[in-house]
Structures are given as C-alpha cells and as structure tokens.
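J.: The structure under discussion is supplied below as structure tokens; questions concerning it will follow.
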Amino acid sequence: MTQDKDAPLREDIRLLGRLLGDTVRDQQGAAAFELIERIRQNSVRFRRDDDIAARRELEDMLDALSRDQTIQVVRAFSYFSHLANIAEDQHHIRRSRAHLIAGSAPREGSLAHALEAALASGTTDAAGLVEFFDTARVSPVLTAHPTEVQRKSILNCETVIARLLDERDRMQLTPEESEANLEALRRAVLTLWQTRILRTAKLSVIDEVNNGLSYFDTTFLRELPRLYASLEDRLATAAPGLTGTELANFLQVGSWIGGDRDGNPFVTAEVLDKALAMHAAVALEYYLNELHTLGSQLSMSHGFVSASDALLALAEHSGDHSPHRSDEPYRRAVSGLYARLAATYRELLGHEPARHAVARAEPYADAAALSEDLDTLHRSLVANGSAALSRGRLRQLRRAVKVFGFHLAPIDLRQNSDVHERVVAELLETARPGTDYRAQDETGRCALLLEELATARPLASPHVRYSDETEGELAIFRTARRAHQRYGRAAIRHCIISKTDDVSDLLELAVLLKEAGLLRPLENALDVDIVPLFETIGDLENAAGVMERLFSLPIYRNLLAARGQTQEVMLGYSDSNKDGGFLTSGWALYKAEGELVATFARHGVRLRLFHGRGGSVGRGGGPSYQAILAQPDGAVQGQIRLTEQGEVIGAKYGNPEVGRRNLEVLVAATLETSLRPAGAEPTPPAFMDAMQALSDAAFTAYRGLVYDTEGFERYFWESTVISEIAALNIGSRPASRKKSTAIEDLRAIPWVFSWSQCRVMLPGWYGFGSAVQAFLARHPQDGLALLQRMHREWSFFATLLSNMDMVLAKSDLAIASRYADLVKDVALREAIFGRIRAEHQATVEALLQITGQRELLEANPLLKRSIRNRFPYLDPLNHVQVELLRRHREHGDDPRIRNGIHISINGIAAGLRNSG
C-alpha cells in the first residue's frame with residue numbers, strides 16, 4: 001500500500017484550523033464562527049469542484065457582511081494563512097528528516113548531493129574542494145523594503161507554534177505529554193489571535209535593523225557553524241587525511257539594513273552608527289553566553305587531564321583565583337576569556353554586559369585575538385586526548401567568532417549615483433570655483449576625478465559649511481571609517497552605486513571614499529569594494545562597456561589590486577523588470593552576465609556578481625537553486641551574493657532548520673555551477689536568436705501596455721491596493737522615489753506587490769504570450785519544436801518558464817476582474833483589463849504548449865499541493881479586500897475599514913508567500 005506522504009501535512013493544517021476555529025468561537029462567539037465556517041466551506045467547494053454557484057454564493061455572502069463581521073472574517077483567514085505556512089514549513093522539515101533517516105541517496109539541491117557529484121565527476125577531490133572553499137564567497141544579504149508586512153511579535157508567536165508542532169513530530173509523547181502539547185498549542189494560537197497583526201506606527205530604520213537581527217538570534221549564529229562542521233566532516237569522511245582541516249569562512253550573511261540610503265532619507269550617519277553597535281551587541285552577547293556555558297562544561301581537573309603551556313598561561317592570567325577552581329585550568333582559562341570579552345563589550349558599547357566577569361581584564365584588540373585564545377583551548381584539548389570535547393560547543397563558538405567577528409554581519413552602504421554626483425560637484429566647486437562639474441561631459445568628468453584620485457589632498461574643508469546633503473554623505477563615510485577602526489574592516493565591505501550609468505559614477509564614489517580615508521592613493525589602498533549597480537534594461541546592455549572602460553584606467557587597476565583583483569558587480573532584477581517586463585529583464589540580465597564574464601576574463605579580473613533578486617518572480621525571485629544553476633558559464637566562479645527581501649526572509653530563515661536547508665542550497669548550487677566541467681557545449685545560436693526575438697516582442701507588448709497606453713497609470717492606482725500600501729506602516733522607505741503617481745517614479749517593490757495582491761501578477765508573465773504568438777507566426781513550421789527543445793536543453797529558458805508557471809498558477813483572473821471593477825471609467829477598465837485577460841490566456845496556452853503540460857504546475861506537484869491547501873482560505877480575503885476598498889473609497893476614511901484593508905494585505909501576502 002502506497003504511503004500518503006502528505007497526510008501529516010493535512011493533519012497539521014486540520015489541527016491548526018480547528019484550534020483557530022475554537023479560538024474564534026470562544027473569543028468572538030458562535031455566530032462569528034459559523035459565518036466564517038460557511039465562507040470556508042463555500043470557498044473550498046468552489047476550488048475543489050470549480051462550482052460557479054458556490055462562487056456566486058460566496059461573493060454575495062461576503063458583500064453583505066457588516067463592517068464588524070468583515071474585520072472578523074479578514075482576521076480569521078489572515079491568521080489561517082500564517083498557520084498554513086507554519087504547517088507547510090514543518091512538513092518540509094519532516095520530509096527532509098524522513099529522507100535522511102531512511103538513508104536514501106542525497107536529493108538534488110542538497111549539499112550532500114553537490115559534494116558527491118563533485119567528487120564523482122573526477123574533476124576534483126576532497127583536497128581540491130578545500131582549495132575551492134578557500135577562495136569561495138557565498139553571501140545572502142538581508143534587506144528591508146516597503147512591503148515587509150510581518151511584525152516581530154507575530155513571528156515570535158509563530159516560532160512557538162512551529163516548535164510545538166515539531167515536538168509532536170519528533171517525540172513519542174505519552175498521553176499526558178500529548179495533552180500538554182495540545183494545550184500549549186491552544187494557548188499559542190490564542191496568543192496569536194490576540195496579538196495585533198499590524199503596526200500602529202510606521203517602522204523606523206532602527207526597528208528594521210532590530211527585525212533583521214532577530215534572524216541571527218534564531219538561525220544564523222547557530223546554524224552557520226553547524227553547517228561548516230557538517231561540511232568539514234563530510235570532506236574528512238571522503239578523505240580521512242583531511243580530518244581536522246577547517247574550511248575558510250566562505251559563507252557569510254550580510255545586510256543592507258541601516259546602510260541603504262538610496263531613496264531613504266531616514267538612513268543617516270547616526271542610524272548607521274547605531275546599527276553597527278546593535279550588530280556588535282548581538283554578536284558579543286552570544287559569545288558571552290556561550291563562554292559562560294562552556295565554562296560550566298570544561299570542568300576537567302588537572303589531576304586527570306593534561307594542559308598545554310599556552311592553556312596554563314591563559315588560566316594563570318585569568319584573574320580567577322577561586323580555590324574551588326584552582327585545579328580546573330580549562331574552566332579558569334574560559335573565565336579569563338569571558339573577562340576580556342566583557343571588557344571588550346564595555347569598551348565597544350559603553351555599558352556592562354548583563355552577567356559580570358570574575359575580574360577586570362584588558363579588552364581584546366580584535367576578534368582575531370579572541371579567536372586565537374579559543375584556538376588555544378582547542379589545541380590543548382586535542383593534544384591531550386580530549387578531542388571529543390573540542391568538537392562540541394567549543395567548535396561551534398570558534399567558527400562563530402571567525403565568521404561573525406565583533407561586527408556580526410557586514411552592512412553594505414548604498415546610494416544613488418545622482419546624490420554622489422551632486423556631492424562631488426559641490427566639493428569641487430567649493431575647492432575650485434568655476435569647475436562646473438555637472439556641466440562636463442563624461443570625458444571631462446573622468447579627467448577631474450582622476451586628478452583628485454592621484455593626490456592625497458582632501459577636497460572637503462573643515463572650515464566650510466556644505467549643504468545638508470553633502471554633510472550627510474561625508475558623515476556616512478566617516479562613520480564607516482570609524483567602524484573599521486572599532487569593529488574591524490569586515491563591518492563594512494561594500495559601497496554600492498544605484499543607477500550606475502558610466503565610469504564617472506564609480507570614480508565619484510572613489511573620491512568620496514578618499515575623503516574619509518577609506519581610499520588612500522599614495523598606498524594604492526582601498527578598504528571597501530566599489531560596486532556598480534546596473535538596473536534598467538539600458539544599463540544592463542551597457543554594463544560590460546562601462547567595466548571595460550573602467551579597467552583601462554591604471555589608477556583603478558592599482559586600487560583593484562588591494563581588493564585581490566576581484567570586482568563585484570550588482571545586477572538589478574526589480575527595476576529592469578519594471579522597465580522592460582519579465583522576459584526582457586531575464587534575457588537582458590543573462591546577456592549582461594555573459595558579456596561581463598568575457599570582459600573580466602580579458603582583463604584578468606575575477607568577477608563576483610551580486611544578484612538583486614526579490615521575493616517574487618516579477619523581481620527575479622523563485623527557487624535559488626535553479627536560478628544559480630541557470631547562470632551563464634563562468635558567471636559564478638565560486639563567488640555569489642544575492643539579496644533576501646521582505647517576507648521571503650521570514651519564510652527562509654524564520655525557522656532554524658528551514659534556514660539551514662536554504663543556506664545549504666545556496667552553497668550546493670554555487671559549488672555545482674562553479675565546478676561544471678569546462679568545455680561544455682555553448683548555447684546554440686538558434687536558441688540565442690529565438691530568445692532575442694521573444695524578448696523584443698515581449699518588450700513591445702509590455703511597454704505598449706504599461707508606458708504607452710493612455711490612462712494605464714490611473715487604471716493601476718484604482719484597480720490595486722497601491723494607495724493603501726503606500727499608507728501602511730510596513731517600512732521606513734517611501735513607496736515612490738518622488739511625490740508623484742507616475743509608474744516611472746514608483747519603486748519596483750510596491751509595483752510588484754500591488755499586482756500580486758489583486759492576483760494579476762502582471763510583472764511575472766505579461767508579454768510572453770504575445771511574444772510566442774509572434775514567433776510562431778514567423779516560424780510556423782519549426783518554431784514550436786525549437787521552443788520545446790530550448791525548454792528541454794537550456795537551463796536558463798527552463799528556469800524562466802518554471803518561474804512563470806508558478807506565478808501564473810498563483811494568479812486568478814476571475815478574482816482580478818473584481819479589482820478591475822473598482823476602476824470608475826468603464827471604457828478604460830474594459831479596454832485595459834481586456835488586454836490583460838487576453839494576454840494571460842495567450843501566455844498560459846504558450847507555456848503549456850512549450851512545456852507539454854496539460855495544466856499549470858503539472859511538473860511541480862509540491863507547489864501544486866501547496867496552492868490546493870491554501871487558496872480556499874486565500875480567496876475570501878481577496879473578495880473581502882475588494883469590498884473594503886470600495887467602501888473605503890466611496891465613504892471616506894473609516895479607521896476600522898482601513899484597518900481591515902491592511903489586515904487583508906498582510907493575510908494575502910502571507911498566503912502567497914513570495915509576493916513582494
């Protein structure tokens with residue numbers, strides 16, 4: 001009899017749904033519960049049977065709700081979306097564990113599979129993999145943005161529920177224990193129900209920093225060291241001679257939160273300074289707690305175990321003179337480490353740690369000094385027959401200190417090139433009146449900037465009062481310089497230039513770095529990476545040319561030597577999509593990467609790509625594993641950074657086990673892509689030509705709708721929740737770059753988020769259907785066969801279609817039509833929604849033709865199951881949201897209605913998971 005592997009998932013969803021229903025009945029009354037249950041049953045019936053009568057009955061029921069009933073319904077279905085996510089995450093953990101317990105072959109996408117494949121290929125051995133990791137860099141980078149809808153209090157409630165579900169899975173509970181677990185779940189669901197889902201005040205940048213740091217406490221500080229240990233042990237199993245070998249710190253987590261100034265006036269030097277201190281506090285408090293526990297564990301007596309001279313010296317200088325520990329050198333040594341780290345905490349943060357040391361001590365000069373002392377403990381234990389003791393908490397702590405240092409995670413600095421231009425222009429004009437920098441052409445600008453970079457003389461004078469913008473930018477870089485001196489250079493490693501158009505944009509940043517001492521011309525020293533960000537379609541097309549011209553400058557090449565001849569380039573997925581549509585964006589990114597690879601190879605510079613991917617497909621999202629494997633040959637080279645944004649951070653890293661799995665996936669994909677056998681067959685020219693033709697046609701269709709259709713901007717603002725999103729307390733950054741409603745000024749993130757809320761998902765597919773129709777019309781004999789072959793043989797095209805398959809499955813044009821009805825101009829509504837509907841149908845038909853599927857997601861049963869489980873609970877939220885929007889726009893600003901809209905936004909985002 002075939003085992004139903006999904007039965008436990010359905011049981012968990014039923015259990016959580018029942019507990020939520022019981023809570024609603026107890027808290028809101030039987031009538032509220034019965035109303036919600038009728039809505040749920042009708043929605044399930046419609047989704048299961050495609051019952052049109054059920055949909056009509058559902059819509060009539062929802063439209064007739066009173067204001068208070070509406071809020072109750074929205075809350076109930078929103079919370080259910082959150083509970084369904086918890087159950088689904090737990091099921092992924094359950095299935096992964098079952099796979100491991102069964103001793104099955106490693107799954108594709110796992111780190112174990114990647115290692116086995118690399119070793120089996122014959123292209124490398126275990127020692128070669130150690131060398132690979134010596135120069136590798138894999139870095140997910142957390143970012144805050146205007147559609148992050150989760151409150152930390154809600155995340156805390158969900159963590160408790162997940163832990164209790166996990167307990168039911170892993171332990172054989174007695175009847176009494178099982179009842180206690182169930183009672184704890186009831187309490188946790190009740191707490192969730194009674195916890196406010198929305199913020200009452202807009203997030204500050206420091207709030208966002210604090211939210212980001214919660215994932216270090218939950219996941220990164222513990223799971224990264226465990227991942228390193230597991231990888232080292234696997235390599236030692238493959239080659240016993242590598243036992244004891246420790247890998248380089250190739251996997252690290254970064255952050256933009258607190259350093260990303262592009263369009264966010266609230267990120268100041270003071271905020272950056274506070275964020276850096278908050279990072280340090282999290283790292284140091286973790287180390288102090290671990291040392292305290294480690295001291296209680298290393299209780300060995302000198303009469304029973306030997307100790308190295310170095311270890312005895314640590315014990316002697318520890319300041320721990322308790323007679324009760326006089327013969328316990330390891331414990332006394334740890335007391336000394338704790339005392340020095342407590343002094344470091346006091347020096348860096350200005351106050352005492354929660355738990356005092358046994359004695360005063362000198363602070364550590366840097367994290368490397370602490371690391372060396374921990375290594376002394378390790379070496380003494382290994383040398384004296386206690387290696388097993390060194391492989392537990394001490395091993396994890398040693399790795400944590402090496403990875404996280406005193407800075408925890410590097411904070412990237414980002415600013416728009418226009419701001420750098422204005423600041424440099426003011427500095428030059430003040431120092432040399434008549435320069436008129438902004439009136440210069442590119443050649444003239446570069447000449448002025450290179451002249452400044454050739455001298456150590458600063459431009460800024462302490463005797464001049466500059467504009468607030470210039471003062472603010474200079475303060476940021478000076479704060480970065482102090483951070484290097486205080487926390488180490490790893491605290492800030494990258495400065496990113498948004499809207500990079502040409503070489504002068506990079507040289508402007510170089511001049512500003514020189515002002516703060518982060519670039520020192522006489523030493524050819526550069527303390528941070530200068531990272532261009534190419535965002536629009538035009539920028540991506542020009543990227544390789546910009547880098548070609550940059551590498552031809554001797555001054556810059558000398559500076560690059562200080563960065564290990566490695567140049568990072570960031571590629572923007574969100575803005576290129578908003579600019580040119582899903583298909584053209586993907587193709588422009590792919591081509592830009594290939595051209596950059598060739599350019600860097602010619603100049604002997606190592607390329608590190610930083611992928612500015614969002615959570616949604618419309619912003620470059622989708623499964624990270626497939627996305628990395630689909631990169632052009634040579635585009636990874638063992639080094640990759642990518643952004644993790646919005647609700648995707650919580651989904652990927654809110655649960656420690658899920659977080660560990662996602663980190664492993666990034667490493668596995670980087671390893672597999674980088675070690676692909678050389679000399680692989682190049683992409684056939686016919687594939688490239690076909691893709692270019694598809695891109696051209698899709699670009700025309702997308703631009704024709706979004707930018708060239710009169711009234712489209714009004715249609716967008718009236719048919720989506722963009723106005724309400726702009727008013728939500730869900731981020732410190734404004735939704736638009738300027739005070740306007742123009743699509744050009746709107747940030748890509750709320751643009752995509754708005755289309756996902758109304759279930760159109762337009763940025764993730766629009767233009768593909770038209771493109772395929774045009775291609776097949778020009779190639780009636782063999783066009784379809786060529787596209788089908790591209791899908792089978794070209795991972796880039798297959799990944800593109802897989803992501804589009806996902807986003808189309810999450811769209812629902814019947815629900816979207818109700819949002820379209822909010823557009824007051826009937827002719828405008830019918831014209832634009834008619835085009836959207838027709839393109840959607842053409843796109844679905846084209847996708848199915850090319851992939852050979854009979855229906856969407858036929859090749860992805862896991863996601864299909866997920867949608868089947870959650871959409872009956874998501875659909876009512878959409879219907880209620882439409883009605884609330886109508887009431888809100890017709891009858892004025894009722895706070896309860898506005899609150900209901902915002903709760904529905906949260907619930908829909910949770911249900912779709914990768915929507916923003």
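Here's how to read the names in the structure tokens: chain A, B, ... by the order shown, residue numbers from 1 in each chain, ligand numbers from 1 in the order shown.
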Would you list the contacts of Gly604 of chain A as an MDAnalysis selection string, taking every protein, DNA or RNA residue within 8 Å and counting only C-alpha atoms, but skipping same-chain residues closer than 3 positions in sequence?
T.: chainID A and resid 565 600:601
J.: Using C-alpha atoms, can you export the residues from the last selection as a short mmCIF file (atom, residue, chain, number, x, y, z; two decimals), in the first residue's frame?
T.:
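Now in again-v9.cif:
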```
data_model
loop_
_atom_site.label_atom_id
_atom_site.label_comp_id
_atom_site.auth_asym_id
_atom_site.auth_seq_id
_atom_site.Cartn_x
_atom_site.Cartn_y
_atom_site.Cartn_z
CA GLN A 565 41.88 41.70 -8.25
CA PHE A 600 36.62 40.39 -16.91
CA ALA A 601 38.47 37.43 -18.43
#
```
J.: Report the residues of segment 195-321 of chain A whose backbone DSSP state falls under strand (DSSP E or B), written as a list in words.
T.: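 Output for segment 195-321 of chain A, strand (DSSP E or B) only: Leu251, Gly254, Ser255 and Asp260 of chain A.
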J.: Tell me, which residues of segment 30-236 of chain A carry DSSP helix (DSSP H, G or I), written as a VMD selection string?
T.: chain A and resid 30 to 49 52 to 63 67 to 101 111 to 120 126 to 134 152 to 170 175 to 194 205 to 236
J.: Contacts of Cys157 of chain A at 8 Å or less, counting only C-alpha atoms, minus same-chain residues fewer than 4 places along, as a PDB file with N, CA, C and O atoms, in the first residue's frame?
T.:
```
ATOM      1  N   SER A 153       6.415  40.495  16.752  1.00  0.00           N
ATOM      2  CA  SER A 153       5.568  39.811  17.743  1.00  0.00           C
ATOM      3  C   SER A 153       4.827  38.637  17.114  1.00  0.00           C
ATOM      4  O   SER A 153       4.650  37.579  17.744  1.00  0.00           O
ATOM      5  N   ILE A 161       4.541  28.121  17.933  1.00  0.00           N
ATOM      6  CA  ILE A 161       3.663  27.117  17.318  1.00  0.00           C
ATOM      7  C   ILE A 161       4.494  26.099  16.533  1.00  0.00           C
ATOM      8  O   ILE A 161       4.250  24.887  16.600  1.00  0.00           O
ATOM      9  N   ALA A 188      -0.934  28.986  22.391  1.00  0.00           N
ATOM     10  CA  ALA A 188      -0.150  29.712  21.386  1.00  0.00           C
ATOM     11  C   ALA A 188      -1.042  30.306  20.301  1.00  0.00           C
ATOM     12  O   ALA A 188      -0.839  31.445  19.863  1.00  0.00           O
ATOM     13  N   VAL A 189      -2.049  29.539  19.858  1.00  0.00           N
ATOM     14  CA  VAL A 189      -2.981  30.060  18.843  1.00  0.00           C
ATOM     15  C   VAL A 189      -3.811  31.198  19.423  1.00  0.00           C
ATOM     16  O   VAL A 189      -4.083  32.201  18.746  1.00  0.00           O
ATOM     17  N   THR A 191      -2.841  33.219  21.790  1.00  0.00           N
ATOM     18  CA  THR A 191      -1.938  34.371  21.864  1.00  0.00           C
ATOM     19  C   THR A 191      -1.792  35.028  20.495  1.00  0.00           C
ATOM     20  O   THR A 191      -1.809  36.260  20.368  1.00  0.00           O
ATOM     21  N   LEU A 192      -1.658  34.198  19.456  1.00  0.00           N
ATOM     22  CA  LEU A 192      -1.567  34.732  18.094  1.00  0.00           C
ATOM     23  C   LEU A 192      -2.811  35.541  17.750  1.00  0.00           C
ATOM     24  O   LEU A 192      -2.722  36.660  17.225  1.00  0.00           O
TER      25      LEU A 192
END
```
J.: Would you please work out which residue, of A:Glu672, A:Glu158, A:Glu285, A:Glu595, is nearest to Ile628 of chain A when using only C-alpha atoms?
T.: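 Counting only C-alpha atoms, the residue closest to Ile628 of chain A is A:Glu672.
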J.: Between atom CA of Asn85 of chain A and atom CA of Gln72 of chain A, measure the distance and give it in Å to one decimal.
T.: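 Taking atom CA of Asn85 of chain A as the start and atom CA of Gln72 of chain A as the end point, the length is 20.3 Å.
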J.: With a distance cut-off of 6 Å and only C-alpha atoms, select the neighbouring residues of segment 551-564 of chain A, excluding the residue or stretch itself and same-chain residues fewer than 6 positions from it, and output the selection as a ChimeraX atom specification.
T.: /A:524-526
J.: Write the residues of the preceding selection, restricted to C-alpha atoms, as a compact mmCIF listing (two decimals), in the first residue's frame.
T.:
```
# COMPACT_ATOMS: atom_id res chain seq x y z
CA ASN A 524 47.12 52.23 -3.50
CA ALA A 525 44.85 51.15 -0.64
CA LEU A 526 41.10 50.65 -0.92
```
J.: Give the answer as one residue: which of A:Thr643, A:Thr584, A:Ser467, A:Ser817 has the shortest atom-to-atom distance to Gly764 of chain A, using only C-alpha atoms?
T.: A:Thr584
J.: From the options A:Asp309, A:Gln252, A:Ala339, A:Ala126, which residue's atoms come nearest to Leu235 of chain A, counting only C-alpha atoms?
T.: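 Once distances to Leu235 of chain A are computed over only C-alpha atoms, the minimum belongs to A:Ala126.
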J.: Considering only C-alpha atoms, return as a PyMOL selection string whatever protein or nucleic-acid residues lie within 8 Å of Arg445 of chain A, sequence-local ones (same chain, fewer than 6 positions apart) excluded.
T.: chain A and resi 437-438+504
J.: Using only C-alpha atoms, find each residue in segment 182-269 of chain A having at least one atom no more than 7 Å away from segment 402-423 of chain A; report its shortest atom-to-atom pair and that distance in Å (one decimal), rows by chain then rising number, as CSV.
T.:
```
residue,atom,partner,partner_atom,distance
A:Asn249,CA,A:Val403,CA,5.9
A:Gln252,CA,A:Val403,CA,6.6
A:Val253,CA,A:Ala409,CA,5.9
A:Gly254,CA,A:Pro410,CA,5.1
A:Ser255,CA,A:Ile411,CA,4.9
A:Trp256,CA,A:Asp412,CA,5.1
A:Gly259,CA,A:Leu413,CA,4.6
A:Asp260,CA,A:Arg414,CA,4.7
A:Arg261,CA,A:Gln415,CA,5.2
A:Asp262,CA,A:Gln415,CA,4.5
```
J.: Generate the output file for the selected residues, N, CA and C atoms, as a PDB file, in the first residue's frame.
T.:
```
ATOM      1  N   ASN A 249      36.229  30.875   5.741  1.00  0.00           N
ATOM      2  CA  ASN A 249      34.901  31.423   6.044  1.00  0.00           C
ATOM      3  C   ASN A 249      34.217  31.923   4.763  1.00  0.00           C
ATOM      4  N   GLN A 252      28.890  33.671   4.510  1.00  0.00           N
ATOM      5  CA  GLN A 252      28.623  34.730   5.474  1.00  0.00           C
ATOM      6  C   GLN A 252      27.336  35.444   5.082  1.00  0.00           C
ATOM      7  N   VAL A 253      26.657  35.976   6.083  1.00  0.00           N
ATOM      8  CA  VAL A 253      25.407  36.701   5.863  1.00  0.00           C
ATOM      9  C   VAL A 253      25.678  38.193   5.943  1.00  0.00           C
ATOM     10  N   GLY A 254      25.133  38.941   5.003  1.00  0.00           N
ATOM     11  CA  GLY A 254      25.285  40.394   5.009  1.00  0.00           C
ATOM     12  C   GLY A 254      23.960  41.085   5.246  1.00  0.00           C
ATOM     13  N   SER A 255      24.008  42.409   5.275  1.00  0.00           N
ATOM     14  CA  SER A 255      22.785  43.192   5.496  1.00  0.00           C
ATOM     15  C   SER A 255      22.897  44.545   4.811  1.00  0.00           C
ATOM     16  N   TRP A 256      21.761  45.027   4.322  1.00  0.00           N
ATOM     17  CA  TRP A 256      21.656  46.408   3.832  1.00  0.00           C
ATOM     18  C   TRP A 256      20.974  47.299   4.870  1.00  0.00           C
ATOM     19  N   GLY A 259      22.212  50.767   6.214  1.00  0.00           N
ATOM     20  CA  GLY A 259      23.223  51.351   5.336  1.00  0.00           C
ATOM     21  C   GLY A 259      22.709  51.715   3.966  1.00  0.00           C
ATOM     22  N   ASP A 260      21.483  51.301   3.651  1.00  0.00           N
ATOM     23  CA  ASP A 260      20.909  51.546   2.322  1.00  0.00           C
ATOM     24  C   ASP A 260      20.228  52.907   2.302  1.00  0.00           C
ATOM     25  N   ARG A 261      20.878  53.906   1.711  1.00  0.00           N
ATOM     26  CA  ARG A 261      20.370  55.273   1.720  1.00  0.00           C
ATOM     27  C   ARG A 261      19.613  55.621   0.450  1.00  0.00           C
ATOM     28  N   ASP A 262      19.627  54.745  -0.541  1.00  0.00           N
ATOM     29  CA  ASP A 262      19.007  55.072  -1.825  1.00  0.00           C
ATOM     30  C   ASP A 262      17.508  55.323  -1.656  1.00  0.00           C
TER      31      ASP A 262
END
```
J.: At a cut-off of 10 Å, using only C-alpha atoms, what residues contact Met61 of chain A? Leave out same-chain residues fewer than 3 positions from it and give the result as a VMD selection string.
T.: chain A and resid 35 38 to 39 42 55 to 58 64 to 65 880
J.: Just write the chosen residues, N, CA, C and O atoms, as a PDB file, in the first residue's frame.
T.:
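The resulting file, part37.pdb, is reproduced below:
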```
ATOM      1  N   LEU A  35     -20.343  31.831  10.697  1.00  0.00           N
ATOM      2  CA  LEU A  35     -20.226  32.628   9.477  1.00  0.00           C
ATOM      3  C   LEU A  35     -18.904  32.323   8.770  1.00  0.00           C
ATOM      4  O   LEU A  35     -18.873  32.071   7.554  1.00  0.00           O
ATOM      5  N   ARG A  38     -18.994  28.871   7.171  1.00  0.00           N
ATOM      6  CA  ARG A  38     -19.771  28.809   5.915  1.00  0.00           C
ATOM      7  C   ARG A  38     -18.962  29.382   4.756  1.00  0.00           C
ATOM      8  O   ARG A  38     -18.977  28.844   3.647  1.00  0.00           O
ATOM      9  N   ILE A  39     -18.275  30.467   5.031  1.00  0.00           N
ATOM     10  CA  ILE A  39     -17.429  31.062   3.993  1.00  0.00           C
ATOM     11  C   ILE A  39     -16.328  30.090   3.582  1.00  0.00           C
ATOM     12  O   ILE A  39     -16.051  29.892   2.393  1.00  0.00           O
ATOM     13  N   ASN A  42     -17.789  27.169   1.435  1.00  0.00           N
ATOM     14  CA  ASN A  42     -18.113  27.600   0.074  1.00  0.00           C
ATOM     15  C   ASN A  42     -16.855  27.783  -0.768  1.00  0.00           C
ATOM     16  O   ASN A  42     -16.817  27.429  -1.950  1.00  0.00           O
ATOM     17  N   ARG A  55     -19.197  30.060  -6.051  1.00  0.00           N
ATOM     18  CA  ARG A  55     -18.514  31.364  -6.090  1.00  0.00           C
ATOM     19  C   ARG A  55     -19.516  32.495  -5.963  1.00  0.00           C
ATOM     20  O   ARG A  55     -19.285  33.456  -5.221  1.00  0.00           O
ATOM     21  N   ARG A  56     -20.644  32.397  -6.669  1.00  0.00           N
ATOM     22  CA  ARG A  56     -21.640  33.474  -6.596  1.00  0.00           C
ATOM     23  C   ARG A  56     -22.186  33.591  -5.179  1.00  0.00           C
ATOM     24  O   ARG A  56     -22.344  34.688  -4.645  1.00  0.00           O
ATOM     25  N   GLU A  57     -22.459  32.432  -4.553  1.00  0.00           N
ATOM     26  CA  GLU A  57     -22.950  32.446  -3.184  1.00  0.00           C
ATOM     27  C   GLU A  57     -21.914  33.035  -2.233  1.00  0.00           C
ATOM     28  O   GLU A  57     -22.231  33.807  -1.326  1.00  0.00           O
ATOM     29  N   LEU A  58     -20.645  32.691  -2.472  1.00  0.00           N
ATOM     30  CA  LEU A  58     -19.550  33.208  -1.658  1.00  0.00           C
ATOM     31  C   LEU A  58     -19.453  34.733  -1.794  1.00  0.00           C
ATOM     32  O   LEU A  58     -19.353  35.455  -0.803  1.00  0.00           O
ATOM     33  N   ALA A  64     -22.259  41.123   1.677  1.00  0.00           N
ATOM     34  CA  ALA A  64     -23.318  41.517   2.608  1.00  0.00           C
ATOM     35  C   ALA A  64     -22.818  41.653   4.048  1.00  0.00           C
ATOM     36  O   ALA A  64     -23.595  41.989   4.942  1.00  0.00           O
ATOM     37  N   LEU A  65     -21.559  41.417   4.286  1.00  0.00           N
ATOM     38  CA  LEU A  65     -21.049  41.470   5.651  1.00  0.00           C
ATOM     39  C   LEU A  65     -21.092  42.893   6.201  1.00  0.00           C
ATOM     40  O   LEU A  65     -20.846  43.866   5.491  1.00  0.00           O
ATOM     41  N   VAL A 880     -13.085  39.977   0.156  1.00  0.00           N
ATOM     42  CA  VAL A 880     -13.365  40.956   1.204  1.00  0.00           C
ATOM     43  C   VAL A 880     -12.544  42.221   0.972  1.00  0.00           C
ATOM     44  O   VAL A 880     -13.026  43.335   1.175  1.00  0.00           O
TER      45      VAL A 880
END
```
J.: How far is it from atom CA of Gln485 of chain A to atom CA of Ala310 of chain A, in Å with one decimal?
T.: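 Separating atom CA of Gln485 of chain A from atom CA of Ala310 of chain A is a distance of 28.6 Å.
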J.: Please indicate the distance in Å from atom CA of Ala76 of chain A to atom CA of Asp812 of chain A, rounded to one decimal place.
T.: 21.7 Å
J.: Would you list the contacts of segment 629-634 of chain A as a list in words, taking every protein, DNA or RNA residue within 7 Å and counting only C-alpha atoms, but skipping same-chain residues closer than 3 positions in sequence?
T.: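 The neighbour list is Tyr590, Glu593, Gly594, Val597, Tyr625, Gln626, Gln637, Ala669, Thr673, Ser795, Phe796 and Thr799 of chain A.
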J.: Those selected residues, please, written with N, CA, C and O atoms and delivered as a compact mmCIF listing (two decimals), in the first residue's frame.
T.:
```txt
# COMPACT_ATOMS: atom_id res chain seq x y z
N TYR A 590 20.79 37.92 -18.37
CA TYR A 590 21.59 36.79 -18.84
C TYR A 590 22.68 37.26 -19.81
O TYR A 590 23.85 36.87 -19.68
N GLU A 593 25.44 39.25 -18.02
CA GLU A 593 26.37 38.37 -17.30
C GLU A 593 27.40 37.76 -18.24
O GLU A 593 28.59 37.73 -17.94
N GLY A 594 26.92 37.26 -19.37
CA GLY A 594 27.85 36.67 -20.34
C GLY A 594 28.87 37.67 -20.83
O GLY A 594 30.07 37.35 -20.96
N VAL A 597 31.41 38.40 -18.06
CA VAL A 597 32.37 37.29 -17.92
C VAL A 597 33.50 37.45 -18.93
O VAL A 597 34.69 37.33 -18.60
N TYR A 625 18.14 27.68 -6.01
CA TYR A 625 18.98 26.62 -6.57
C TYR A 625 18.94 26.64 -8.10
O TYR A 625 19.97 26.70 -8.77
N GLN A 626 17.72 26.63 -8.65
CA GLN A 626 17.60 26.64 -10.11
C GLN A 626 18.13 27.93 -10.71
O GLN A 626 18.73 27.94 -11.78
N GLN A 637 31.87 31.37 -10.61
CA GLN A 637 33.28 31.30 -10.23
C GLN A 637 33.49 31.18 -8.71
O GLN A 637 34.41 31.75 -8.14
N ALA A 669 24.34 24.95 -4.85
CA ALA A 669 24.19 25.49 -6.20
C ALA A 669 25.46 26.19 -6.66
O ALA A 669 25.88 26.07 -7.81
N THR A 673 27.56 24.85 -9.87
CA THR A 673 27.71 25.74 -11.02
C THR A 673 29.17 26.05 -11.29
O THR A 673 29.62 26.07 -12.44
N SER A 795 18.98 25.37 -19.46
CA SER A 795 18.50 25.58 -18.09
C SER A 795 17.99 27.00 -17.88
O SER A 795 17.05 27.21 -17.10
N PHE A 796 18.58 27.97 -18.56
CA PHE A 796 18.10 29.35 -18.42
C PHE A 796 16.64 29.46 -18.85
O PHE A 796 15.80 30.01 -18.12
N THR A 799 14.26 27.47 -16.50
CA THR A 799 14.03 28.16 -15.23
C THR A 799 13.08 29.33 -15.41
O THR A 799 12.19 29.57 -14.59
```
J.: With distances taken over only C-alpha atoms, which of A:Ala367, A:Ile905, A:Ala809, A:Val160 is nearest to Arg868 of chain A?
T.: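 The shortest atom-to-atom distance to Arg868 of chain A comes from A:Ala809.
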